[in-house]
Each structure stands twice: as structure tokens, then as C-alpha cells.
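Undergrad: File protein.cif follows (mmCIF, C-alpha atoms):
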data_model
#
loop_
_atom_site.label_atom_id
_atom_site.label_comp_id
_atom_site.auth_asym_id
_atom_site.auth_seq_id
_atom_site.Cartn_x
_atom_site.Cartn_y
_atom_site.Cartn_z
CA MET A 923 0.00 0.00 0.00
CA TRP A 924 2.72 2.38 0.98
CA PHE A 925 4.52 1.56 -2.28
CA LYS A 926 1.51 2.56 -4.35
CA GLN A 927 1.21 5.84 -2.46
CA LEU A 928 4.88 6.55 -3.03
CA LEU A 929 4.55 5.74 -6.73
CA SER A 930 1.49 7.99 -6.99
CA LYS A 931 3.37 10.85 -5.37
CA GLN A 932 6.30 10.38 -7.74
CA LEU A 933 3.98 10.42 -10.76
CA LEU A 934 2.29 13.57 -9.48
CA SER A 935 5.68 15.20 -8.92
CA LYS A 936 6.72 14.32 -12.47
CA ARG A 937 3.49 15.81 -13.86
CA LEU A 938 3.98 18.98 -11.84
CA TRP A 939 7.59 19.18 -12.97
CA ARG A 940 6.61 18.75 -16.64
CA TYR A 941 3.87 21.39 -16.20
CA TYR A 942 6.41 23.73 -14.62
CA LEU A 943 8.85 23.17 -17.49
CA ARG A 944 6.16 23.80 -20.11
CA SER A 945 5.06 26.97 -18.29
CA ALA A 946 8.63 28.16 -18.02
CA GLU A 947 9.17 27.46 -21.72
CA ARG A 948 6.04 29.43 -22.64
CA MET A 949 7.16 32.33 -20.45
CA MET A 950 10.58 32.33 -22.08
CA ARG A 951 8.97 32.44 -25.52
CA LEU A 952 6.72 35.28 -24.41
CA PHE A 953 9.67 37.24 -23.01
CA HIS A 954 11.57 36.58 -26.23
CA ILE A 955 8.68 37.95 -28.33
CA ILE A 956 8.35 40.98 -26.05
CA ASN A 957 12.07 41.61 -26.28
CA ILE A 958 12.10 41.39 -30.08
CA THR A 959 9.00 43.61 -30.33
CA PHE A 960 10.57 46.19 -28.03
CA LEU A 961 13.83 46.17 -29.99
CA LEU A 962 12.02 46.48 -33.33
CA GLY A 963 9.72 49.19 -31.99
CA SER A 964 12.59 51.16 -30.46
CA THR A 965 14.64 50.85 -33.63
CA THR A 966 11.68 52.00 -35.75
CA VAL A 967 11.04 55.02 -33.52
CA ILE A 968 14.72 55.98 -33.61
CA LEU A 969 14.88 55.63 -37.40
CA VAL A 970 11.71 57.70 -37.85
CA LEU A 971 13.06 60.43 -35.57
CA ILE A 972 16.33 60.48 -37.50
CA SER A 973 14.47 60.54 -40.84
CA LEU A 974 12.66 63.73 -39.78
CA PHE A 975 15.96 65.55 -40.26
CA THR A 976 16.50 64.08 -43.73
CA PRO A 977 14.54 64.46 -46.99
CA LEU A 978 13.43 60.83 -46.70
CA PHE A 979 10.49 61.23 -44.29
CA SER A 980 8.71 64.00 -46.20
CA GLN A 981 9.32 62.32 -49.57
CA VAL A 982 7.71 59.11 -48.31
CA ILE A 983 4.69 61.04 -46.98
CA VAL A 984 4.22 62.86 -50.30
CA TYR A 985 4.43 59.56 -52.17
CA LEU A 986 1.85 57.96 -49.87
CA PHE A 987 -0.43 60.96 -50.39
CA THR A 988 -0.39 60.31 -54.14
CA LEU A 989 -1.75 56.81 -53.51
CA LEU A 990 -4.82 57.96 -51.60
CA PRO A 991 -8.09 57.48 -53.51
CA LEU A 992 -10.37 60.42 -54.23
CA PRO A 993 -14.10 60.45 -53.47
CA HIS A 994 -16.35 59.51 -56.38
CA ILE A 995 -16.45 62.09 -59.16
CA SER A 996 -18.92 62.10 -62.04
CA GLY A 997 -17.86 60.67 -65.37
CA THR A 998 -18.27 64.09 -66.97
CA ALA A 999 -15.77 65.63 -64.57
CA MET A 1000 -13.39 62.72 -64.99
CA ASN A 1001 -13.44 62.92 -68.79
CA SER A 1002 -13.38 66.71 -69.18
CA PRO A 1003 -10.06 68.49 -69.79
CA PRO A 1004 -8.91 71.10 -67.28
CA THR A 1005 -10.47 74.48 -68.07
CA ALA A 1006 -8.90 76.71 -65.41
CA TYR A 1007 -6.16 77.07 -62.83
CA VAL A 1008 -7.30 77.26 -59.20
CA VAL A 1009 -4.76 78.81 -56.86
CA LEU A 1010 -5.28 78.25 -53.13
CA GLY A 1011 -4.00 80.92 -50.79
CA GLY A 1012 -1.32 79.89 -48.33
CA GLY A 1013 -1.40 82.83 -45.95
CA LEU A 1014 -0.44 86.47 -45.54
CA THR A 1015 2.19 88.32 -43.54
CA ASN A 1016 3.34 91.89 -42.93
CA ASP A 1017 6.32 93.67 -44.45
CA HIS A 1018 8.69 96.05 -42.66
CA ASN A 1019 6.15 98.85 -43.07
CA ASN A 1020 3.43 96.68 -41.50
CA GLN A 1021 1.68 96.38 -44.86
CA ILE A 1022 -0.07 93.10 -45.63
CA ILE A 1023 1.73 91.04 -48.29
CA LEU A 1024 1.77 87.45 -49.48
CA ASN A 1025 3.74 85.11 -47.27
CA SER A 1026 6.28 82.80 -48.89
CA TYR A 1027 3.76 79.95 -49.29
CA SER A 1028 1.27 82.11 -51.19
CA LEU A 1029 4.02 83.79 -53.20
CA ASN A 1030 5.34 80.44 -54.40
CA ARG A 1031 1.82 79.45 -55.46
CA ALA A 1032 1.39 82.71 -57.38
CA GLN A 1033 4.74 82.18 -59.13
CA THR A 1034 3.78 78.60 -60.00
CA ALA A 1035 0.45 79.81 -61.44
CA ALA A 1036 2.24 82.43 -63.53
CA GLY A 1037 4.63 79.85 -64.96
CA ALA A 1038 1.79 77.46 -65.79
CA TYR A 1039 -0.26 80.27 -67.36
CA HIS A 1040 2.56 81.29 -69.67
CA ASP A 1041 2.87 77.66 -70.83
CA LEU A 1042 -0.90 77.20 -71.26
CA PRO A 1043 -3.12 80.30 -70.92
CA LEU A 1044 -6.31 79.40 -69.03
CA PRO A 1045 -8.50 81.41 -66.65
CA ILE A 1046 -7.03 81.66 -63.15
CA VAL A 1047 -9.33 81.34 -60.14
CA LEU A 1048 -7.92 82.69 -56.88
CA SER A 1049 -9.44 81.17 -53.76
CA GLY A 1050 -9.18 82.47 -50.21
CA ALA A 1051 -8.83 85.66 -48.23
CA GLU A 1052 -5.43 86.04 -49.93
CA ALA A 1053 -7.11 86.42 -53.35
CA PRO A 1054 -6.72 90.25 -53.66
CA TRP A 1055 -3.00 90.04 -52.93
CA LEU A 1056 -2.54 87.05 -55.23
CA GLY A 1057 -4.40 88.95 -57.95
CA GLN A 1058 -2.31 92.08 -57.47
CA TRP A 1059 0.92 90.08 -57.79
CA LEU A 1060 -0.28 88.31 -60.95
CA ILE A 1061 -1.47 91.56 -62.54
CA GLU A 1062 1.93 93.13 -61.81
CA HIS A 1063 3.47 90.20 -63.67
CA GLY A 1064 1.37 90.61 -66.80
CA ILE A 1065 -1.58 88.33 -66.06
CA ASP A 1066 -5.12 89.71 -65.92
CA GLY A 1067 -8.69 88.51 -66.41
CA LEU A 1068 -8.58 86.84 -63.00
CA ILE A 1069 -11.53 85.34 -61.15
CA SER A 1070 -11.51 85.75 -57.37
CA GLU A 1071 -13.29 84.03 -54.52
CA ASN A 1072 -12.49 86.09 -51.45
CA ALA A 1073 -14.55 84.52 -48.67
CA SER A 1074 -12.99 81.13 -47.88
CA MET A 1075 -10.88 80.75 -44.76
CA ASN A 1076 -9.85 77.09 -44.96
CA THR A 1077 -9.42 74.27 -47.48
CA CYS A 1078 -12.98 72.99 -47.12
CA GLU A 1079 -14.36 76.45 -47.90
CA ASN A 1080 -11.88 76.85 -50.78
CA ALA A 1081 -13.60 73.97 -52.52
CA ARG A 1082 -17.19 74.84 -51.62
CA PHE A 1083 -16.95 78.51 -52.47
CA THR A 1084 -14.96 77.97 -55.68
CA ALA A 1085 -17.69 75.58 -56.86
CA LYS A 1086 -20.28 78.25 -56.06
CA ARG A 1087 -18.28 81.08 -57.64
CA ILE A 1088 -17.89 79.46 -61.07
CA PRO A 1089 -19.08 76.19 -62.65
CA LEU A 1090 -16.06 73.94 -63.06
CA ARG A 1091 -15.63 70.24 -63.82
CA HIS A 1092 -11.87 69.80 -64.05
CA VAL A 1093 -9.12 72.22 -63.00
CA TYR A 1094 -5.39 72.45 -62.53
CA LEU A 1095 -5.08 72.79 -58.77
CA ILE A 1096 -2.12 74.78 -57.45
CA THR A 1097 -0.95 74.35 -53.87
CA ASP A 1098 2.04 72.67 -52.22
CA SER A 1099 2.57 68.91 -52.48
CA TYR A 1100 1.71 68.24 -48.81
CA HIS A 1101 -1.57 70.14 -48.96
CA MET A 1102 -2.50 68.70 -52.35
CA ALA A 1103 -4.11 65.42 -51.23
CA ARG A 1104 -6.41 67.14 -48.74
CA ALA A 1105 -7.29 69.88 -51.22
CA ARG A 1106 -8.04 67.46 -54.06
CA ARG A 1107 -10.27 65.44 -51.76
CA GLN A 1108 -12.29 68.54 -50.83
CA PHE A 1109 -12.67 69.59 -54.47
CA ALA A 1110 -13.76 66.07 -55.41
CA LEU A 1111 -16.41 66.19 -52.66
CA ASN A 1112 -17.74 69.27 -54.43
CA GLY A 1113 -17.81 67.61 -57.84
CA ILE A 1114 -14.59 69.11 -59.24
CA ASN A 1115 -11.87 66.88 -60.65
CA SER A 1116 -8.33 68.21 -60.31
CA THR A 1117 -4.93 67.73 -61.85
CA PRO A 1118 -2.22 68.73 -59.36
CA ILE A 1119 0.46 71.34 -59.99
CA ASP A 1120 2.77 71.43 -56.97
CA ALA A 1121 4.14 74.73 -55.74
CA PRO A 1122 7.45 74.50 -53.86
CA LEU A 1123 7.84 75.21 -50.17
CA PRO A 1124 9.93 78.24 -49.18
CA VAL A 1125 12.91 76.00 -48.38
CA ASN A 1126 14.25 73.02 -50.31
CA ARG A 1127 15.06 69.56 -49.04
CA ASP A 1128 18.79 69.11 -48.63
CA TRP A 1129 20.64 66.19 -47.05
CA LYS A 1130 23.20 68.64 -45.69
CA LYS A 1131 20.63 70.96 -44.05
CA PRO A 1132 18.67 69.14 -41.31
CA ALA A 1133 16.76 72.28 -40.26
CA GLN A 1134 15.28 72.67 -43.76
CA ASN A 1135 14.37 68.99 -43.87
CA LEU A 1136 12.66 69.33 -40.50
CA THR A 1137 10.52 72.14 -41.93
CA HIS A 1138 9.29 69.72 -44.61
CA SER A 1139 8.76 66.99 -42.01
CA ARG A 1140 6.66 69.30 -39.81
CA ARG A 1141 4.59 70.24 -42.84
CA ALA A 1142 4.10 66.57 -43.69
CA VAL A 1143 3.05 65.62 -40.15
CA TYR A 1144 0.59 68.52 -40.02
CA GLU A 1145 -1.04 67.48 -43.28
CA VAL A 1146 -1.30 63.83 -42.24
CA ALA A 1147 -3.14 64.93 -39.08
CA ALA A 1148 -5.34 67.37 -41.01
CA TYR A 1149 -6.23 64.77 -43.64
CA LEU A 1150 -7.22 62.23 -40.97
CA ARG A 1151 -9.26 64.91 -39.20
CA ASP A 1152 -11.13 65.71 -42.42
CA VAL A 1153 -11.94 62.05 -42.98
CA ILE A 1154 -12.82 61.07 -39.41
CA ARG A 1155 -14.35 64.29 -38.11
CA PRO A 1156 -14.93 66.99 -40.74
CA GLN A 1157 -14.27 70.61 -39.81
CA MET A 1158 -17.02 72.30 -37.82
CA ASP A 1159 -15.91 75.75 -39.02
CA CYS A 1160 -16.45 74.97 -42.71
CA ARG A 1161 -19.41 77.05 -43.83
CA GLN A 1162 -21.93 75.76 -46.34
CA ALA A 1163 -22.01 77.51 -49.70
CA LYS A 1164 -25.56 78.72 -49.01
CA GLU A 1165 -24.32 80.59 -45.93
CA VAL A 1166 -22.27 82.95 -48.10
CA THR A 1167 -23.77 85.26 -50.70
CA SER A 1168 -22.38 85.74 -54.18
CA GLN A 1169 -21.59 89.33 -53.20
CA GLN A 1170 -19.48 88.13 -50.28
CA LEU A 1171 -17.50 85.88 -52.62
CA LEU A 1172 -16.71 88.93 -54.75
CA THR A 1173 -15.86 91.31 -51.92
CA PRO A 1174 -12.14 91.65 -51.11
CA ARG A 1175 -11.33 91.28 -47.45
CA GLY A 1176 -9.22 94.42 -47.19
CA SER A 1177 -8.86 94.31 -43.44
CA VAL A 1178 -7.55 90.77 -43.30
CA THR A 1179 -4.87 90.26 -40.66
CA LYS A 1180 -1.89 88.09 -41.39
CA THR A 1181 -2.53 84.38 -41.32
CA SER A 1182 -0.33 81.30 -41.39
CA SER A 1183 -0.14 78.66 -44.07
CA GLU A 1184 -3.00 76.16 -44.20
#
Now, as a test, write the supplied structure out as C-alpha cells.
TA:
Amino acid sequence: MWFKQLLSKQLLSKRLWRYYLRSAERMMRLFHIINITFLLGSTTVILVLISLFTPLFSQVIVYLFTLLPLPHISGTAMNSPPTAYVVLGGGLTNDHNNQIILNSYSLNRAQTAAGAYHDLPLPIVLSGAEAPWLGQWLIEHGIDGLISENASMNTCENARFTAKRIPLRHVYLITDSYHMARARRQFALNGINSTPIDAPLPVNRDWKKPAQNLTHSRRAVYEVAAYLRDVIRPQMDCRQAKEVTSQQLLTPRGSVTKTSSE
């Protein structure tokens, strides 16, 4: 009898020992996975942080933006050729005499529009509170017959009010490459197809100039966040076209204070 009890205890001890070994093995595997995940995650974070100071990060973001699908657009808009340039304002600033002027973002967009116009003359639609200053610059550089929409204060309103200001199906859209995906999406939501023409940022990417690359990276991060916001939770401050009269669209906002880039 005592022998059977001893044997039973030995068998139980062996089972417990095997269970302990299996548990220990599973824990070791789990710790191994956690360790690898931590190392990979840490390495990824470090590489991303380093890439912010190189041209690589912003170039990847711009490329990914080009892959984003647009909302459904009618077949007519898809098949129509571009009939106008639409220039989106990028902000205003003040000069040394405290006079309102185009900031570097808006100036680059005006210069890009002028270059495109000289290659292919089409009507130019200026959208945003910056429109009077954009128009003045273009007129000074030999381009007239401009169409202005002066009331919009953000990208969503750019699209809505441009669609109200003039019937358009397909346009050449001029803004910077980071803003382009968000802008094209808003124009598509308002039935306007767009072909992008990228305006440069005030500073260039340069592997030898980390500060300039960081400017591009900040711009890229901002636009990623803004695009996700527009998709997940559209702007509450985007007025409907019916809330603005045609007269308001035509009225220059002469008392506009300086604003930052969109």
C-alpha cells in the first residue's frame, strides 16, 4: 500500500515538474517575443526620428499621399479636360512697413500659377482671403482677367466657395505637395476633378541641411493629421455655400490680418 502511495506521489511530482517546465518554456517564448518587439519598436522610432531631419520622411509622406483614392467624381468631370487654374491661398504676412503682403507659401503658389499660365493660358481662379494680394501680384506680372473668390478661410471652404463662384468640372489645382491630397479630396467632394500642380515650399530639401528637412517633415506631419481629421471628423468651421452670398464671394477682405499657411 505504501509503495503505491509513493509511486502515486512520484507520478504527481513528475506531472507537476513537466507542467512547470512547459510553463517556463512558454514564459521564455513570451519574453523573447516581447524583447524582439521592443527592440524592433525602439529601432523603428529611432529611425523615424532620424528621418525627420532628412529628406526621406517627407518624400515618403508625399508619395503615400499620391496613392490615396479620391471620393467619387462624375464621369463628366473625370473625362473633361482642365479648363482653369485654381490657386489656393497659403497665408499672408506683414512687411517692414506693417503692410499686408503674401507670405512665402502664397508667393510660391502665385509664381507657379504664372509659370503654368505662360505655358498654357487658361483662366485663373484665386481662392481664399489672400485672393486680392494674389491677384495684385499676378497683374503686376502681366496676367489679368482673373476670377476671385475672397470669402474662404480654410481648405474645405476653398472647394465649396470655388464651386459656387464658377461652374467647373476639371481644374489644374495649385498648392504645395503636402496640402494637395487634402485639397483634391475637398474639391472632389464638391464635384470638381483636379490635376495637381505642386508649388514648392519656401525652403528646399537638402541632405546637408537638417533644419530645412525638419521644416518639410513638420509640414508633412501637419497634413497627415489634417487629412485624418477631415476624414474622421470633418471641420465644424467649414461654412456651407448657401451661408455665403455671391456678393461676399466677390468682396475683397481688405482688413484681413496676417494668417499662417494652411
Undergrad: Which residues, written as a PyMOL selection string, have at least one atom at most 9 Å from range 1008-1015 of chain A, with only C-alpha atoms counted and residues fewer than 3 positions away on the same chain left out?
TA: chain A and resi 1020-1029+1031-1032+1035+1045-1053+1055-1056+1077+1080+1084+1093-1098+1105+1178-1184
Undergrad: Could you check which of A:Gln1162, A:Thr1117, A:Gln1169, A:Gln1058 is closest to Ala1085 in chain A, using only C-alpha atoms?
TA: A:Gln1162
Undergrad: Pick the closest to Ile1088 in chain A from A:Arg1151, A:Lys1164, A:Val970, A:Leu1171: which is it, counting all atoms listed in the file?
TA: A:Leu1171
Undergrad: My list of candidates is A:Arg1091, A:Ile1154, A:Leu1044, A:Lys1086. Which is closest to Asp1066 in chain A when distances are computed with all atoms listed in the file?
TA: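 Closest candidate: A:Leu1044.
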Undergrad: With distances taken over all atoms listed in the file, which residue among A:Leu962, A:Leu1172, A:Leu1123, A:Cys1078 lies nearest Gln1157 in chain A?
TA: A:Cys1078
Undergrad: Produce a table with one row for each residue of range 1012-1104 of chain A that has an atom at most 12 Å from any atom of range 1129-1144 of chain A, each row naming the nearest atom pair and its distance in Å at one decimal; use all atoms listed in the file; arrange rows by chain and rising residue number; format as a Markdown table.
TA:
| residue | atom | partner | partner_atom | distance |
| --- | --- | --- | --- | --- |
| A:Tyr1027 | CA | A:Arg1141 | CA | 11.7 |
| A:Asp1098 | CA | A:Arg1141 | CA | 10.0 |
| A:Ser1099 | CA | A:Ala1142 | CA | 9.2 |
| A:Tyr1100 | CA | A:Ala1142 | CA | 5.9 |
| A:His1101 | CA | A:Ala1142 | CA | 8.5 |
| A:Met1102 | CA | A:Ala1142 | CA | 11.1 |
| A:Ala1103 | CA | A:Ala1142 | CA | 11.2 |
| A:Arg1104 | CA | A:Tyr1144 | CA | 11.3 |
Undergrad: Taking C-alpha atoms for each residue, export the selection above as an mmCIF file, keeping the file's coordinate frame.
TA:
data_model
loop_
_atom_site.group_PDB
_atom_site.id
_atom_site.type_symbol
_atom_site.label_atom_id
_atom_site.label_comp_id
_atom_site.auth_asym_id
_atom_site.auth_seq_id
_atom_site.Cartn_x
_atom_site.Cartn_y
_atom_site.Cartn_z
ATOM 1 C CA TYR A 1027 3.760 79.950 -49.290
ATOM 2 C CA ASP A 1098 2.040 72.670 -52.220
ATOM 3 C CA SER A 1099 2.570 68.910 -52.480
ATOM 4 C CA TYR A 1100 1.710 68.240 -48.810
ATOM 5 C CA HIS A 1101 -1.570 70.140 -48.960
ATOM 6 C CA MET A 1102 -2.500 68.700 -52.350
ATOM 7 C CA ALA A 1103 -4.110 65.420 -51.230
ATOM 8 C CA ARG A 1104 -6.410 67.140 -48.740
#
Undergrad: Using all atoms listed in the file, find the one residue out of A:Pro993, A:Pro1122, A:Thr966, A:Ser973 that sits nearest to Gln1033 in chain A.
TA: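 Checking each of A:Pro993, A:Pro1122, A:Thr966, A:Ser973 against Gln1033 in chain A, counting all atoms listed in the file, the winner is A:Pro1122.
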Undergrad: Please determine, counting only C-alpha atoms, which residue among A:Ala1163, A:Ile955, A:Val982, A:Ala946 has the shortest atom-to-atom distance to Ser1074 in chain A.
TA: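 Of A:Ala1163, A:Ile955, A:Val982, A:Ala946, the one nearest Ser1074 in chain A is A:Ala1163, counting only C-alpha atoms.
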Undergrad: Hey, can you check how far CA of Cys1160 in chain A sits from CA of Leu992 in chain A?
TA: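 Value for the CA of Cys1160 in chain A-CA of Leu992 in chain A distance: 19.5 Å.
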Undergrad: Could you state the separation of CA of Ile995 in chain A and CA of Glu1079 in chain A in Å, given to one decimal place?
TA: 18.4 Å
Undergrad: Figure out the distance between CA of Leu989 in chain A and CA of Pro1003 in chain A, please, to one decimal in Å.
TA: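 About the pair CA of Pro1003 in chain A and CA of Leu989 in chain A: they are 21.7 Å apart.
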Undergrad: Tell me, as a VMD selection string, which residues lie within 9 Å of Gly1113 in chain A, counting all atoms listed in the file; anything in the same chain fewer than 4 positions away does not count.
TA: chain A and resid 994 to 996 999 1085 1090 to 1092 1108 to 1109
